[in-house]
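> Handing you this structure, nothing more for now.
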Amino acid sequence: MDGLLVKLLVSPVLVVVADALFQEVNYANLYQSVGVGFILALAGTFLEWAILAPGSLWITTAIDFIIGFLIVYGSIVVLPNAQITAMGAGFVAIFFGVSEYLQHTWLLRTGRTVKE
């Protein structure tokens, strides 16, 4: 539950910051980038629940990176007027991957990966 709360705060902020920083990421409205951030947070939480365990830090982070790229790049199909290049989706995926790595490390160190 802690991981979900952190992700619901961090992921939308990362997408909004990437939208502001990179020309390659251009969402037409703020709600689009925030919505994509929420979808990234939910996908990351599901992947954490399904895969994250001691010894699987790097594979989980790599899968999060790939899923992040696919979600951001795929959002141009669903969202009107969103303009995202593959490079821009890669930039967002790098941000997302770094944040996921830090969150996974924190969750593993505190023992919060136990499935209930």
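Residues are named by chain letter and number: chains run A, B, ... in the order of the structure tokens, numbers start at 1 in each chain, and ligands are numbered from 1 in the order shown.
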Would you mind listing what lies within 10 Å of Asp64 of chain A as a list in words, with only C-alpha atoms counted and same-chain residues fewer than 6 positions away left out?

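My list of contacting residues is Leu40, Ala43, Gly44, Thr45, Leu47, Glu48, Trp58, Leu70, Ala93, Ile94, Phe96, Gly97, Val98, Glu100 and Tyr101 of chain A.
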
> Select from chain A everything DSSP, run on the backbone, classes as helix (DSSP H, G or I), then give the selection as a ChimeraX atom specification.

/A:2-21,30-51,57-78,86-110

> Could you turn the residues from that selection into a file that holds C-alpha atoms, as a CSV table (one decimal), in the first residue's frame?


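Listed below is the output, again00.csv:
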```
chain,number,residue,atom,x,y,z
A,2,ASP,CA,2.9,2.4,0.7
A,3,GLY,CA,4.3,1.7,-2.7
A,4,LEU,CA,1.0,2.6,-4.4
A,5,LEU,CA,0.7,5.9,-2.5
A,6,VAL,CA,4.3,6.9,-3.4
A,7,LYS,CA,3.7,6.0,-7.0
A,8,LEU,CA,0.4,7.9,-7.2
A,9,LEU,CA,2.3,11.0,-6.1
A,10,VAL,CA,5.6,10.5,-8.0
A,11,SER,CA,4.6,9.1,-11.4
A,12,PRO,CA,2.3,12.0,-12.5
A,13,VAL,CA,4.9,14.5,-11.4
A,14,LEU,CA,7.5,12.8,-13.5
A,15,VAL,CA,5.3,12.8,-16.6
A,16,VAL,CA,4.4,16.5,-16.0
A,17,VAL,CA,8.1,17.4,-15.6
A,18,ALA,CA,9.1,15.5,-18.7
A,19,ASP,CA,6.3,17.3,-20.6
A,20,ALA,CA,7.7,20.6,-19.5
A,21,LEU,CA,11.3,19.8,-20.1
A,30,LEU,CA,-2.3,18.9,-18.0
A,31,TYR,CA,-4.9,16.2,-17.3
A,32,GLN,CA,-3.4,14.0,-20.1
A,33,SER,CA,0.0,13.9,-18.6
A,34,VAL,CA,-1.4,13.4,-15.1
A,35,GLY,CA,-3.6,10.6,-16.3
A,36,VAL,CA,-0.7,8.9,-18.0
A,37,GLY,CA,1.2,9.2,-14.7
A,38,PHE,CA,-1.6,7.5,-12.9
A,39,ILE,CA,-1.7,4.7,-15.4
A,40,LEU,CA,2.1,4.3,-15.0
A,41,ALA,CA,1.6,4.2,-11.2
A,42,LEU,CA,-1.0,1.5,-11.4
A,43,ALA,CA,1.0,-0.6,-13.8
A,44,GLY,CA,4.1,-0.2,-11.6
A,45,THR,CA,2.2,-1.3,-8.6
A,46,PHE,CA,0.8,-4.3,-10.3
A,47,LEU,CA,4.3,-5.3,-11.5
A,48,GLU,CA,5.7,-4.8,-8.0
A,49,TRP,CA,3.0,-7.0,-6.6
A,50,ALA,CA,3.6,-9.7,-9.2
A,51,ILE,CA,7.3,-9.8,-9.5
A,57,LEU,CA,15.4,-5.9,-8.3
A,58,TRP,CA,17.0,-5.4,-11.7
A,59,ILE,CA,14.6,-7.6,-13.7
A,60,THR,CA,11.6,-5.8,-12.1
A,61,THR,CA,13.2,-2.4,-12.9
A,62,ALA,CA,13.9,-3.4,-16.5
A,63,ILE,CA,10.3,-4.5,-17.0
A,64,ASP,CA,9.1,-1.3,-15.4
A,65,PHE,CA,11.2,0.7,-17.9
A,66,ILE,CA,9.8,-1.3,-20.9
A,67,ILE,CA,6.2,-1.0,-19.7
A,68,GLY,CA,6.7,2.7,-19.0
A,69,PHE,CA,8.0,3.3,-22.6
A,70,LEU,CA,5.1,1.3,-24.1
A,71,ILE,CA,2.4,3.2,-22.0
A,72,VAL,CA,3.8,6.6,-22.8
A,73,TYR,CA,4.4,5.9,-26.5
A,74,GLY,CA,1.0,4.2,-26.7
A,75,SER,CA,-0.8,7.1,-25.2
A,76,ILE,CA,-0.6,9.0,-28.5
A,77,VAL,CA,-3.2,6.5,-29.8
A,78,VAL,CA,-5.7,7.3,-27.1
A,86,ALA,CA,9.9,7.5,-29.5
A,87,MET,CA,12.8,9.5,-28.0
A,88,GLY,CA,10.4,11.4,-25.8
A,89,ALA,CA,8.8,8.2,-24.6
A,90,GLY,CA,12.4,7.0,-23.9
A,91,PHE,CA,13.1,10.0,-21.8
A,92,VAL,CA,10.0,9.5,-19.7
A,93,ALA,CA,10.8,5.8,-19.4
A,94,ILE,CA,14.3,6.7,-18.1
A,95,PHE,CA,12.8,9.0,-15.5
A,96,PHE,CA,10.2,6.3,-14.6
A,97,GLY,CA,12.9,3.6,-14.4
A,98,VAL,CA,15.1,5.6,-12.1
A,99,SER,CA,12.2,6.4,-9.8
A,100,GLU,CA,11.1,2.8,-9.8
A,101,TYR,CA,14.6,1.6,-9.0
A,102,LEU,CA,14.7,3.9,-6.0
A,103,GLN,CA,11.3,2.9,-4.8
A,104,HIS,CA,12.1,-0.8,-5.3
A,105,THR,CA,15.3,-0.4,-3.3
A,106,TRP,CA,13.3,1.3,-0.5
A,107,LEU,CA,10.6,-1.3,-0.5
A,108,LEU,CA,13.1,-4.2,-0.4
A,109,ARG,CA,15.2,-2.6,2.4
A,110,THR,CA,12.2,-2.0,4.6
```

> Using DSSP on the backbone coordinates, identify all residues within chain A classified as strand (DSSP E or B); present the result as a ChimeraX atom specification.

/A:25-26,83-84
